[in-house]
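Text of input-v4.pdb (PDB, C-alpha atoms) as supplied:
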```pdb
MODEL        1
ATOM      1  CA  TYR G  24      -3.825 -27.038  -0.332
ATOM      2  CA  GLU G  25      -1.333 -29.678   0.728
ATOM      3  CA  ALA G  26       2.231 -28.994   1.849
ATOM      4  CA  LYS G  27       4.670 -28.443  -1.057
ATOM      5  CA  THR G  28       1.892 -27.202  -3.387
ATOM      6  CA  LEU G  29       2.919 -24.309  -5.645
ATOM      7  CA  ILE G  30       0.387 -21.473  -5.216
ATOM      8  CA  LEU G  31       2.011 -18.650  -7.222
ATOM      9  CA  LYS G  32       4.655 -19.077  -9.936
ATOM     10  CA  GLN G  33       7.315 -16.437 -10.474
ATOM     11  CA  GLY G  34       6.834 -14.736 -13.853
ATOM     12  CA  HIS G  35       3.141 -15.576 -14.245
ATOM     13  CA  LEU G  36       0.558 -12.843 -14.735
ATOM     14  CA  PRO G  37      -1.853 -12.222 -11.846
ATOM     15  CA  ILE G  38      -5.446 -13.428 -12.015
ATOM     16  CA  GLU G  39      -6.214 -13.652  -8.294
ATOM     17  CA  CYS G  40      -4.856 -13.022  -4.829
ATOM     18  CA  TYR G  41      -5.194 -14.926  -1.587
ATOM     19  CA  LEU G  42      -5.853 -14.451   2.123
ATOM     20  CA  ILE G  43      -4.202 -17.113   4.264
ATOM     21  CA  LEU G  44      -6.796 -18.627   6.602
ATOM     22  CA  SER G  45      -4.445 -21.239   8.088
ATOM     23  CA  GLY G  46      -1.007 -22.682   7.520
ATOM     24  CA  ASN G  47       2.426 -21.417   6.503
ATOM     25  CA  LEU G  48       3.949 -20.686   3.109
ATOM     26  CA  LYS G  49       7.371 -19.651   1.841
ATOM     27  CA  VAL G  50       8.166 -17.029  -0.778
ATOM     28  CA  THR G  51      11.006 -18.049  -3.096
ATOM     29  CA  TYR G  52      12.956 -16.334  -5.867
ATOM     30  CA  GLU G  53      14.624 -18.186  -8.741
ATOM     31  CA  ASP G  54      17.558 -16.688 -10.600
ATOM     32  CA  VAL G  55      20.317 -17.861 -12.904
ATOM     33  CA  ASN G  56      23.871 -17.268 -11.721
ATOM     34  CA  SER G  57      25.513 -15.258 -14.507
ATOM     35  CA  LYS G  58      28.925 -16.827 -13.879
ATOM     36  CA  ASN G  59      28.065 -20.517 -14.039
ATOM     37  CA  GLN G  60      24.493 -20.451 -15.418
ATOM     38  CA  GLN G  61      23.280 -22.469 -12.412
ATOM     39  CA  LEU G  62      19.709 -21.956 -11.254
ATOM     40  CA  THR G  63      19.522 -20.666  -7.681
ATOM     41  CA  ASN G  64      16.446 -20.739  -5.485
ATOM     42  CA  GLU G  65      16.376 -18.424  -2.455
ATOM     43  CA  THR G  66      13.729 -18.263   0.270
ATOM     44  CA  LEU G  67      12.857 -14.590   0.714
ATOM     45  CA  ASN G  68      10.158 -14.738   3.359
ATOM     46  CA  GLU G  69       7.691 -16.911   5.200
ATOM     47  CA  ILE G  70       4.039 -15.934   5.457
ATOM     48  CA  GLU G  71       1.241 -17.210   7.646
ATOM     49  CA  GLU G  72      -2.377 -16.974   8.733
ATOM     50  CA  GLY G  73      -3.812 -13.479   8.236
ATOM     51  CA  ASP G  74      -1.364 -12.469   5.493
ATOM     52  CA  PHE G  75      -2.332 -11.613   1.916
ATOM     53  CA  LEU G  76      -0.364 -12.783  -1.072
ATOM     54  CA  GLY G  77      -0.499 -11.726  -4.699
ATOM     55  CA  GLU G  78      -2.222  -8.383  -4.161
ATOM     56  CA  ILE G  79       0.657  -6.178  -5.349
ATOM     57  CA  SER G  80       0.775  -7.879  -8.748
ATOM     58  CA  LEU G  81      -2.988  -7.332  -9.074
ATOM     59  CA  LEU G  82      -2.514  -3.629  -8.340
ATOM     60  CA  THR G  83       0.389  -3.164 -10.738
ATOM     61  CA  GLY G  84      -0.596  -5.703 -13.395
ATOM     62  CA  SER G  85       2.984  -6.966 -13.358
ATOM     63  CA  GLN G  86       4.256 -10.529 -13.434
ATOM     64  CA  ARG G  87       4.613 -12.368 -10.150
ATOM     65  CA  PRO G  88       8.046 -11.392  -8.760
ATOM     66  CA  ALA G  89       8.404 -14.616  -6.753
ATOM     67  CA  SER G  90       6.888 -18.044  -6.247
ATOM     68  CA  VAL G  91       4.874 -19.064  -3.183
ATOM     69  CA  ILE G  92       4.885 -22.659  -1.947
ATOM     70  CA  CYS G  93       2.981 -24.273   0.941
ATOM     71  CA  LYS G  94       5.256 -25.271   3.842
ATOM     72  CA  THR G  95       2.349 -26.917   5.651
ATOM     73  CA  ASP G  96      -1.196 -27.764   4.681
ATOM     74  CA  VAL G  97      -2.834 -24.414   3.930
ATOM     75  CA  GLU G  98      -6.359 -23.040   3.700
ATOM     76  CA  LEU G  99      -6.701 -19.984   1.453
ATOM     77  CA  LEU G 100      -9.483 -17.598   0.545
ATOM     78  CA  VAL G 101      -9.134 -17.033  -3.209
ATOM     79  CA  ILE G 102     -10.083 -13.537  -4.412
ATOM     80  CA  SER G 103     -10.516 -13.114  -8.167
ATOM     81  CA  LYS G 104      -9.143 -10.009  -9.882
ATOM     82  CA  ALA G 105     -12.699  -8.807 -10.607
ATOM     83  CA  ASP G 106     -13.753  -9.167  -6.957
ATOM     84  CA  PHE G 107     -10.480  -7.649  -5.762
ATOM     85  CA  ASP G 108     -10.942  -4.613  -8.018
ATOM     86  CA  CYS G 109     -14.565  -4.210  -6.925
ATOM     87  CA  ILE G 110     -14.000  -4.588  -3.183
ATOM     88  CA  LEU G 111     -10.427  -3.583  -2.389
ATOM     89  CA  GLY G 112      -8.805  -2.252  -5.532
ATOM     90  CA  ASN G 113      -9.513   1.461  -5.164
ATOM     91  CA  VAL G 114      -8.519   1.701  -1.503
ATOM     92  CA  LEU G 115      -5.337  -0.328  -1.892
ATOM     93  CA  GLN G 116      -4.423   1.421  -5.156
ATOM     94  CA  GLU G 117      -4.586   4.802  -3.395
ATOM     95  CA  GLN G 118      -2.365   3.530  -0.571
ATOM     96  CA  TYR G 119       0.069   1.937  -3.029
ATOM     97  CA  ASN G 120       0.271   5.152  -5.085
ATOM     98  CA  ALA G 121       0.861   7.266  -1.975
ATOM     99  CA  LEU G 122       3.646   4.953  -0.828
ATOM    100  CA  SER G 123       5.216   4.871  -4.305
ATOM    101  CA  ASP G 124       5.137   8.670  -4.486
ATOM    102  CA  PHE G 125       6.734   8.909  -1.050
ATOM    103  CA  LEU G 126       9.568   6.575  -1.968
TER
ENDMDL
END
```

Entire entry expressed as structure tokens:
Amino acid sequence: YEAKTLILKQGHLPIECYLILSGNLKVTYEDVNSKNQQLTNETLNEIEEGDFLGEISLLTGSQRPASVICKTDVELLVISKADFDCILGNVLQEQYNALSDFL
């Protein structure tokens, strides 16, 4: 994917997750200021090679909490929800549940 490409859109339902093979991305959050109704866009985090993105929404089935945009050219391994559930879903779901129970 080329720099500035939108990979995940805040509010969309999850259908896949990604492993970053190369490049850098930024995680952004859009919100409307309640006082002046202006749209604000805040960078929450930057992610890079070796990081996963989108896996939490696959586990919870919830909408994407933030958008992810390529800062540089990026190479991603795309993992469909079906493959994710088959390969990683059970293990990660157990870890997610344990962490949620702890918190």

Range 54-69 of chain G environment, 12 Å, all atoms listed in the file, sequence neighbours closer than 3 positions dropped, as a ChimeraX atom specification: /G:33-34,43,46-51,72,74-76,88-95

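Restricting the calculation to all atoms listed in the file, the smallest distance between Leu100 in chain G and any of G:Leu81, G:Tyr24, G:Leu122, G:Val114 is found for G:Tyr24.
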
Go through range 35-79 of chain G residue by residue and, counting all atoms listed in the file, keep those with an atom at most 9 Å from range 105-113 of chain G; for each kept residue give the shortest atom pair and its distance in Å to one decimal, ordered by chain and increasing number, as a tab-separated table.
```
residue	atom	partner	partner_atom	distance
G:Ile38	CA	G:Ala105	CA	8.7
G:Glu39	CA	G:Phe107	CA	7.8
G:Cys40	CA	G:Phe107	CA	7.8
G:Glu78	CA	G:Phe107	CA	8.4
```

What does the structure give for the distance between CA of Lys32 in chain G and CA of Ala121 in chain G, in Å to one decimal? 27.8 Å

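Here CA of His35 in chain G is placed at a distance of 26.2 Å from CA of Asp124 in chain G.
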
Would you kindly translate the PyMOL selection byres ((chain G and resi 83) around 12) into the concrete residues it picks from this file, as a count of residues only? 23

Could you work out an axis-aligned box for range 89-106 of chain G, taking every atom the file lists and adding 6 Å on each side, and report centre and edge lengths in Å to one decimal, as lines of an AutoDock Vina configuration file?
```
center_x = -2.7
center_y = -18.3
center_z = -2.5
size_x = 34.2
size_y = 31.0
size_z = 28.3
```

By how many Å are CA of Val97 in chain G and CA of Gln118 in chain G apart?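 Between these atoms lies a distance of 28.3 Å.
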